[in-house]
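Asker: Here it is: the structure, laid out below.
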Amino acid sequence: MNAVSPGVRQYWDLTKPRVVALIVFTALVGMFLAVPGLPTAEQVKAGVLGFIGIWLSASAAAAINQLLDARIDAQMARTSWRPLVVGAVTPRQVLVFAGVLTALSMTILVLWVNVLTAVLTFASLIGYAVIYTVYLKRATSQNIVIGGLAGATPPLLGWAAITGMQGPSDWAYASLLVLIIFIWTPPHFWALAIFRRADYAKADIPMLPVTHGVPHTRRQILFYSIALAVVSLMPTVVGMSGWFYLGSAAVLNAIFLWYAWRMLDPPDELFNMKMFNYSVVYLMALFAFLLVDHWLLPWV
């Protein structure tokens with residue numbers, strides 16, 4: 001019965017709400033950072049509609065991902081509860097749901113935001129839901145590195161929704177935010193992959209801990225964490241942020257680097273998830289501090 005008439009909860013779970021929340025939060029920060037000072041009424045309108053469009057597209061991508069990964073999800077403890085796996089929805093219902101979300105997203109972005117944002121958002125959807133899910137995830141141990149670009153674009157999408165990317169500075173600043181998330185993604189996801197490596201091996205997914213071993217993955221986490229610490233300070237270097245952000249980012253990075261260093265010889269298996277959970281807090285806090293600093297900058 002549930003497979004015929006799924007409820008709101010089943011459709012909500014198809015959108016991976018926790019993941020999408022992080023995506024749209026970074027997009028929202030990108031919108032605010034694109035505006036010097038407080039936004040105008042017209043910019044608020046574009047921001048609200050852009051936010052809705054990006055959120056719908058990200059939700060559609062998550063649903064498509066679950067549709068294409070149903071076989072894999074069924075073999076992994078972390079994903080075995082998903083609606084399609086347990087039969088709460090049918091593949092056809094997921095496909096229609098994702099199609100409706102995509103159509104709504106593109107309509108909103110094209111008609112009431114701008115075409116560039118629509119194009120970039122659609123490219124991001126294809127990059128994650130198709131290129132990463134169908135090919136990269138199954139083809140290479142660097143899947144999360146290469147495919148991470150699609151998941152790193154939300155700040156660019158948010159920025160484009162407000163400005164339409166009018167000049168080189170817009171592209172440069174927005175791309176720096178994308179770079180931060182791009183470098184953050186491997187240590188974030190590999191910490192989870194180490195903890196769930198048996199699941200990935202069972203599903204025949206070539207995640208780095210499966211193909212190259214846990215010690216190698218831990219060293220890669222440290223390498224990317226060092227790179228992240230450097231890249232995350234670049235907004236201050238290029239004049240995009242001030243001393244408040246610099247100090248806040250330094251503290252966040254010190255904790256991140258401690259986790260990454262401790263990952264080389266963790267006290268127990270659960271430490272991998274502690275690293276993973278902190279990485280989520282890190283990214284949200286980093287972008288929140290960017291926003292606070294942006295509003296403080298004219299006054300300090």
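In the structure tokens, the first chain shown is A, the next is B, and so on; residue numbers restart at 1 for each chain, and ligands run from 1 in the order shown.
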Which residues come within 9 Å of Gln220 in chain A, counting only C-alpha atoms, excluding same-chain residues fewer than 6 positions away, as a list of chain:residue names?
Answerer: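 Answer for this query is A:Pro186, A:Pro187, A:Trp190.
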Asker: What's around Val113 in chain A at 9 Å? Count only C-alpha atoms, leave out sequence neighbours fewer than 4 positions away in its own chain, and write the answer as a list in words.
Answerer: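 Those residues are Lys45, Ala46, Gly47, Leu49, Gly50, Gly53, Ile108, Leu109, Thr117, Ala118, Ala161, Ile162 and Gly164 of chain A.
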Asker: Excluding same-chain residues fewer than 3 positions from Leu101 in chain A, what lies within 12 Å of it counting only C-alpha atoms, as JSON, numbers by chain?
Answerer: {"A": [11, 14, 15, 52, 53, 54, 55, 56, 57, 58, 59, 60, 61, 62, 63, 64, 94, 95, 96, 97, 98, 104, 105, 106, 107, 108, 122, 125]}
Asker: What gap, in Å, lies between CA of Met275 in chain A and CA of Leu192 in chain A?
Answerer: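 We find that CA of Met275 in chain A and CA of Leu192 in chain A lie 8.3 Å from each other.
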Asker: Skipping near chain neighbours, those fewer than 6 positions away, what residues fall within 6 Å of range 127-141 of chain A using only C-alpha atoms, listed as a ChimeraX atom specification?
Answerer: /A:61,64-65,147,150,205-208
Asker: Convert the current residue selection to file output with all heavy atoms, as a PDB file, in the first residue's frame.
Answerer:
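Done, and the output landed in result21.pdb:
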ATOM      1  N   ALA A  61      18.303  16.169  -7.305  1.00  0.00           N
ATOM      2  CA  ALA A  61      19.549  15.421  -7.496  1.00  0.00           C
ATOM      3  C   ALA A  61      19.669  14.296  -6.469  1.00  0.00           C
ATOM      4  O   ALA A  61      20.110  13.186  -6.792  1.00  0.00           O
ATOM      5  CB  ALA A  61      20.744  16.366  -7.383  1.00  0.00           C
ATOM      6  N   ILE A  64      17.318  11.462  -7.544  1.00  0.00           N
ATOM      7  CA  ILE A  64      17.881  10.725  -8.680  1.00  0.00           C
ATOM      8  C   ILE A  64      19.031   9.833  -8.204  1.00  0.00           C
ATOM      9  O   ILE A  64      19.169   8.683  -8.641  1.00  0.00           O
ATOM     10  CB  ILE A  64      18.357  11.696  -9.768  1.00  0.00           C
ATOM     11  CG1 ILE A  64      17.171  12.461 -10.359  1.00  0.00           C
ATOM     12  CG2 ILE A  64      19.096  10.945 -10.873  1.00  0.00           C
ATOM     13  CD1 ILE A  64      17.557  13.599 -11.276  1.00  0.00           C
ATOM     14  N   ASN A  65      19.847  10.369  -7.299  1.00  0.00           N
ATOM     15  CA  ASN A  65      20.940   9.585  -6.740  1.00  0.00           C
ATOM     16  C   ASN A  65      20.422   8.307  -6.080  1.00  0.00           C
ATOM     17  O   ASN A  65      20.976   7.217  -6.260  1.00  0.00           O
ATOM     18  CB  ASN A  65      21.709  10.439  -5.736  1.00  0.00           C
ATOM     19  CG  ASN A  65      22.734   9.648  -4.945  1.00  0.00           C
ATOM     20  OD1 ASN A  65      22.435   9.198  -3.828  1.00  0.00           O
ATOM     21  ND2 ASN A  65      23.915   9.456  -5.489  1.00  0.00           N
ATOM     22  N   GLY A 147      34.229  14.143  -8.388  1.00  0.00           N
ATOM     23  CA  GLY A 147      32.799  14.413  -8.314  1.00  0.00           C
ATOM     24  C   GLY A 147      32.439  15.474  -7.300  1.00  0.00           C
ATOM     25  O   GLY A 147      31.337  16.033  -7.347  1.00  0.00           O
ATOM     26  N   ALA A 150      30.832  19.082  -8.237  1.00  0.00           N
ATOM     27  CA  ALA A 150      29.396  19.339  -8.376  1.00  0.00           C
ATOM     28  C   ALA A 150      28.779  19.740  -7.042  1.00  0.00           C
ATOM     29  O   ALA A 150      27.938  20.635  -6.975  1.00  0.00           O
ATOM     30  CB  ALA A 150      28.696  18.106  -8.926  1.00  0.00           C
ATOM     31  N   ILE A 205      32.128  -0.810  -4.420  1.00  0.00           N
ATOM     32  CA  ILE A 205      32.378   0.598  -4.728  1.00  0.00           C
ATOM     33  C   ILE A 205      33.835   0.905  -4.383  1.00  0.00           C
ATOM     34  O   ILE A 205      34.264   0.696  -3.248  1.00  0.00           O
ATOM     35  CB  ILE A 205      31.449   1.525  -3.923  1.00  0.00           C
ATOM     36  CG1 ILE A 205      29.985   1.233  -4.271  1.00  0.00           C
ATOM     37  CG2 ILE A 205      31.768   2.990  -4.191  1.00  0.00           C
ATOM     38  CD1 ILE A 205      29.637   1.462  -5.713  1.00  0.00           C
ATOM     39  N   PRO A 206      34.614   1.405  -5.358  1.00  0.00           N
ATOM     40  CA  PRO A 206      36.053   1.587  -5.135  1.00  0.00           C
ATOM     41  C   PRO A 206      36.408   2.846  -4.340  1.00  0.00           C
ATOM     42  O   PRO A 206      37.159   3.709  -4.816  1.00  0.00           O
ATOM     43  CB  PRO A 206      36.595   1.671  -6.566  1.00  0.00           C
ATOM     44  CG  PRO A 206      35.484   2.310  -7.340  1.00  0.00           C
ATOM     45  CD  PRO A 206      34.212   1.746  -6.741  1.00  0.00           C
ATOM     46  N   MET A 207      35.892   2.936  -3.130  1.00  0.00           N
ATOM     47  CA  MET A 207      36.283   4.056  -2.275  1.00  0.00           C
ATOM     48  C   MET A 207      37.744   3.876  -1.854  1.00  0.00           C
ATOM     49  O   MET A 207      38.254   2.756  -1.768  1.00  0.00           O
ATOM     50  CB  MET A 207      35.381   4.141  -1.051  1.00  0.00           C
ATOM     51  CG  MET A 207      33.927   4.430  -1.364  1.00  0.00           C
ATOM     52  SD  MET A 207      33.660   5.942  -2.313  1.00  0.00           S
ATOM     53  CE  MET A 207      34.218   7.179  -1.151  1.00  0.00           C
ATOM     54  N   LEU A 208      38.410   4.976  -1.577  1.00  0.00           N
ATOM     55  CA  LEU A 208      39.846   4.956  -1.313  1.00  0.00           C
ATOM     56  C   LEU A 208      40.255   3.968  -0.209  1.00  0.00           C
ATOM     57  O   LEU A 208      41.257   3.254  -0.377  1.00  0.00           O
ATOM     58  CB  LEU A 208      40.324   6.370  -0.967  1.00  0.00           C
ATOM     59  CG  LEU A 208      41.843   6.590  -1.012  1.00  0.00           C
ATOM     60  CD1 LEU A 208      42.380   6.379  -2.423  1.00  0.00           C
ATOM     61  CD2 LEU A 208      42.191   7.996  -0.525  1.00  0.00           C
TER      62      LEU A 208
END
